[in-house]
Amino acid sequence: MKEQVLVLIKPDGISKSLTGYILTRLSEAKLELVASRMVKVSRKLAERHYKHLKGKEFFEEVIQYSLGAFHPCKYVMALVFVGEDAIKKCRDLTGATNPEEADPASIRGSCGRITTKGVFENVLHVSSDIIEAEREIKLWFHPEELIADVFPTKITKVKSTRKRVWA
Ligand code: UDP
Ligand code: MG
């Protein structure tokens with residue numbers, strides 16, 4: 001089935017200069033890259049993204065990790081891929097959540113680590129299923145930031161909004 005998937009290169013992946021390597025590894029899946037954006041993650045965005053983890057003992061740690069609190073590069077790269085079985089293909093290439101349990105040849109297995117403080121630094125986020133993928137893509141991107149129409153859109157009038165434009 002043709003699917004969309006949100007991939008985030010997390011602050012450890014950016015800080016370790018793994019962006020090019022990760023894009024090369026993901027290209028093995030032969031999917032179409034339809035959006036990319038560098039994002040300085042706000043606490044609100046991180047909390048909405050990881051809402052399924054609220055209440056877990058590691059929730060605050062995951063939020064801090066996403067905000068870049070543990071790394072010199074305090075931002076993520078957000079990507080949307082489209083194609084047949086996109087979620088499974090990306091998750092297989094990425095490997096298990098725990099980088100020490102991930103297949104050593106996977107991206108997390110070869111590039112992730114658990115820090116001495118016990119933080120899973122697992123380099124990438126990949127949507128877990130089609131429902132989550134749609135929710136996450138709509139959270140991280142505006143429709144015009146995707147070069148393909150992946151979900152229905154509508155035109156709405158937004159009155160008296162303030163927007164930064166080029167000076
Ligand atoms: N996580 C963690 N400890 C855990 C489980 C998850 O630190 O025991 C973090 C990790 O960064 C993971 C994220 O929370 O990528 C989201 O967890 P999820 O279970 O959705 O794993 P994923 O889909 O990323 O493999
Ligand atoms: Mg997940």
# chains A, B, ... in the order shown; residues from 1 in each chain; ligands from 1
call {"tool": "residues_near_ligand", "arguments": {"ligand": "ligand 2", "cutoff": "9 Å", "atoms": "only C-alpha atoms and all ligand atoms", "output": "list in words"}}
result
Tyr50, His52, Thr97, His125, Val126, Ser127, Ser128, Asp129 and Glu132 of chain A
call {"tool": "residues_around", "arguments": {"residues": "Ile137 in chain A", "least_positions_apart": "3", "cutoff": "8 Å", "atoms": "only C-alpha atoms", "output": "number ranges by chain"}}
result
A: 5-6, 80, 133-134, 140-141
call {"tool": "select_by_dssp", "arguments": {"residues": "chain A", "states": "alpha helix (DSSP H)", "output": "ChimeraX atom specification"}}
result
/A:11-15,19-26,43-49,59-67,86-94,107-111,130-140
call {"tool": "atom_distance", "arguments": {"atom1": "CA of Thr19 in chain A", "atom2": "CA of Ala78 in chain A"}}
result
11.0 Å
call {"tool": "residues_around", "arguments": {"residues": "Met77 in chain A", "least_positions_apart": "4", "cutoff": "10 Å", "atoms": "only C-alpha atoms", "output": "ChimeraX atom specification"}}
result
/A:7-11,13-14,19,36-41,124
call {"tool": "write_last_selection", "arguments": {"atoms": "N, CA and C atoms", "output": "PDB file, in the first residue's frame"}}
result
ATOM      1  N   VAL A   7       9.794  11.211   9.028  1.00  0.00           N
ATOM      2  CA  VAL A   7      11.107  10.849   9.582  1.00  0.00           C
ATOM      3  C   VAL A   7      11.701  12.113  10.186  1.00  0.00           C
ATOM      4  N   LEU A   8      12.236  11.993  11.396  1.00  0.00           N
ATOM      5  CA  LEU A   8      12.972  13.112  11.999  1.00  0.00           C
ATOM      6  C   LEU A   8      14.401  12.662  12.236  1.00  0.00           C
ATOM      7  N   ILE A   9      15.351  13.445  11.759  1.00  0.00           N
ATOM      8  CA  ILE A   9      16.749  13.217  12.158  1.00  0.00           C
ATOM      9  C   ILE A   9      16.921  14.026  13.437  1.00  0.00           C
ATOM     10  N   LYS A  10      17.121  13.324  14.549  1.00  0.00           N
ATOM     11  CA  LYS A  10      17.109  13.954  15.873  1.00  0.00           C
ATOM     12  C   LYS A  10      18.416  14.725  16.124  1.00  0.00           C
ATOM     13  N   PRO A  11      18.456  15.551  17.184  1.00  0.00           N
ATOM     14  CA  PRO A  11      19.640  16.391  17.413  1.00  0.00           C
ATOM     15  C   PRO A  11      20.972  15.630  17.478  1.00  0.00           C
ATOM     16  N   GLY A  13      21.714  12.960  15.664  1.00  0.00           N
ATOM     17  CA  GLY A  13      22.036  12.656  14.257  1.00  0.00           C
ATOM     18  C   GLY A  13      22.596  13.873  13.545  1.00  0.00           C
ATOM     19  N   ILE A  14      22.010  15.051  13.826  1.00  0.00           N
ATOM     20  CA  ILE A  14      22.491  16.297  13.210  1.00  0.00           C
ATOM     21  C   ILE A  14      23.884  16.618  13.776  1.00  0.00           C
ATOM     22  N   THR A  19      23.571  13.456   8.761  1.00  0.00           N
ATOM     23  CA  THR A  19      22.439  13.758   7.868  1.00  0.00           C
ATOM     24  C   THR A  19      22.597  13.105   6.497  1.00  0.00           C
ATOM     25  N   SER A  36      10.988  18.452   3.211  1.00  0.00           N
ATOM     26  CA  SER A  36      12.078  18.470   4.192  1.00  0.00           C
ATOM     27  C   SER A  36      12.157  19.858   4.808  1.00  0.00           C
ATOM     28  N   ARG A  37      12.529  19.905   6.061  1.00  0.00           N
ATOM     29  CA  ARG A  37      12.531  21.174   6.796  1.00  0.00           C
ATOM     30  C   ARG A  37      13.435  21.050   8.018  1.00  0.00           C
ATOM     31  N   MET A  38      14.275  22.059   8.272  1.00  0.00           N
ATOM     32  CA  MET A  38      15.033  22.100   9.512  1.00  0.00           C
ATOM     33  C   MET A  38      14.132  22.766  10.541  1.00  0.00           C
ATOM     34  N   VAL A  39      13.996  22.166  11.705  1.00  0.00           N
ATOM     35  CA  VAL A  39      13.041  22.677  12.695  1.00  0.00           C
ATOM     36  C   VAL A  39      13.693  22.865  14.060  1.00  0.00           C
ATOM     37  N   LYS A  40      13.540  24.077  14.593  1.00  0.00           N
ATOM     38  CA  LYS A  40      13.916  24.328  15.987  1.00  0.00           C
ATOM     39  C   LYS A  40      12.678  23.959  16.787  1.00  0.00           C
ATOM     40  N   VAL A  41      12.722  22.857  17.468  1.00  0.00           N
ATOM     41  CA  VAL A  41      11.519  22.273  18.067  1.00  0.00           C
ATOM     42  C   VAL A  41      11.090  23.046  19.319  1.00  0.00           C
ATOM     43  N   LEU A 124      16.998   8.726  15.037  1.00  0.00           N
ATOM     44  CA  LEU A 124      15.874   8.966  14.121  1.00  0.00           C
ATOM     45  C   LEU A 124      14.541   8.734  14.794  1.00  0.00           C
TER      46      LEU A 124
END
call {"tool": "atom_distance", "arguments": {"atom1": "CA of Ala69 in chain A", "atom2": "CA of Asn122 in chain A"}}
result
14.9 Å
call {"tool": "decode", "arguments": {"residues": "range 65-77 of chain A", "atoms": "all heavy atoms", "output": "compact mmCIF listing (two decimals), in the first residue's frame"}}
result
# COMPACT_ATOMS: atom_id res chain seq x y z
N TYR A 65 15.62 15.79 25.02
CA TYR A 65 16.41 15.26 23.90
C TYR A 65 15.93 15.87 22.58
O TYR A 65 16.73 16.35 21.77
CB TYR A 65 16.27 13.73 23.92
CG TYR A 65 16.80 12.93 22.77
CD1 TYR A 65 17.93 13.31 22.06
CD2 TYR A 65 16.17 11.73 22.41
CE1 TYR A 65 18.41 12.54 21.01
CE2 TYR A 65 16.64 10.95 21.37
CZ TYR A 65 17.74 11.36 20.67
OH TYR A 65 18.21 10.59 19.63
N SER A 66 14.60 15.91 22.39
CA SER A 66 14.04 16.46 21.14
C SER A 66 14.31 17.95 21.00
O SER A 66 14.46 18.46 19.89
CB SER A 66 12.52 16.27 21.10
OG SER A 66 12.19 14.97 21.41
N LEU A 67 14.36 18.66 22.12
CA LEU A 67 14.62 20.10 22.10
C LEU A 67 16.11 20.38 21.85
O LEU A 67 16.50 21.53 21.68
CB LEU A 67 14.19 20.75 23.42
CG LEU A 67 12.71 20.66 23.79
CD1 LEU A 67 12.45 21.37 25.12
CD2 LEU A 67 11.84 21.27 22.72
N GLY A 68 16.93 19.35 21.91
CA GLY A 68 18.37 19.53 21.67
C GLY A 68 19.16 19.86 22.93
O GLY A 68 20.31 20.28 22.84
N ALA A 69 18.54 19.65 24.09
CA ALA A 69 19.20 20.02 25.34
C ALA A 69 20.49 19.24 25.58
O ALA A 69 21.37 19.71 26.31
CB ALA A 69 18.24 19.79 26.51
N PHE A 70 20.64 18.07 24.95
CA PHE A 70 21.83 17.24 25.20
C PHE A 70 22.87 17.36 24.09
O PHE A 70 23.90 16.68 24.13
CB PHE A 70 21.42 15.76 25.32
CG PHE A 70 20.32 15.50 26.32
CD1 PHE A 70 19.36 14.53 26.08
CD2 PHE A 70 20.24 16.22 27.51
CE1 PHE A 70 18.34 14.28 26.99
CE2 PHE A 70 19.22 15.98 28.43
CZ PHE A 70 18.28 15.00 28.17
N HIS A 71 22.59 18.17 23.08
CA HIS A 71 23.48 18.20 21.90
C HIS A 71 23.77 19.61 21.42
O HIS A 71 22.94 20.51 21.61
CB HIS A 71 22.86 17.37 20.76
CG HIS A 71 22.79 15.93 21.11
ND1 HIS A 71 21.68 15.35 21.67
CD2 HIS A 71 23.75 14.97 21.05
CE1 HIS A 71 21.94 14.07 21.93
NE2 HIS A 71 23.18 13.82 21.57
N PRO A 72 24.92 19.80 20.76
CA PRO A 72 25.25 21.14 20.27
C PRO A 72 24.29 21.65 19.19
O PRO A 72 24.02 22.84 19.14
CB PRO A 72 26.68 21.00 19.72
CG PRO A 72 26.98 19.55 19.67
CD PRO A 72 26.03 18.84 20.58
N CYS A 73 23.78 20.77 18.33
CA CYS A 73 22.83 21.20 17.30
C CYS A 73 21.42 21.04 17.86
O CYS A 73 20.95 19.91 18.05
CB CYS A 73 22.99 20.38 16.02
SG CYS A 73 24.59 20.65 15.25
N LYS A 74 20.79 22.16 18.15
CA LYS A 74 19.50 22.13 18.86
C LYS A 74 18.33 22.22 17.88
O LYS A 74 17.47 23.08 17.99
CB LYS A 74 19.47 23.25 19.89
CG LYS A 74 20.66 23.11 20.84
CD LYS A 74 20.65 24.03 21.99
CE LYS A 74 21.90 23.83 22.83
NZ LYS A 74 22.15 22.44 23.25
N TYR A 75 18.34 21.35 16.90
CA TYR A 75 17.25 21.32 15.94
C TYR A 75 17.19 19.93 15.31
O TYR A 75 18.08 19.10 15.53
CB TYR A 75 17.43 22.39 14.85
CG TYR A 75 18.81 22.49 14.27
CD1 TYR A 75 19.20 21.72 13.18
CD2 TYR A 75 19.76 23.36 14.83
CE1 TYR A 75 20.47 21.79 12.66
CE2 TYR A 75 21.05 23.44 14.30
CZ TYR A 75 21.40 22.66 13.22
OH TYR A 75 22.67 22.73 12.73
N VAL A 76 16.13 19.69 14.55
CA VAL A 76 15.96 18.39 13.89
C VAL A 76 15.72 18.64 12.40
O VAL A 76 15.40 19.75 12.00
CB VAL A 76 14.78 17.59 14.48
CG1 VAL A 76 14.90 17.45 15.98
CG2 VAL A 76 13.45 18.21 14.12
N MET A 77 15.88 17.59 11.61
CA MET A 77 15.49 17.67 10.21
C MET A 77 14.26 16.79 10.04
O MET A 77 14.28 15.60 10.36
CB MET A 77 16.61 17.17 9.30
CG MET A 77 16.30 17.36 7.83
SD MET A 77 17.72 16.95 6.83
CE MET A 77 17.24 17.71 5.29
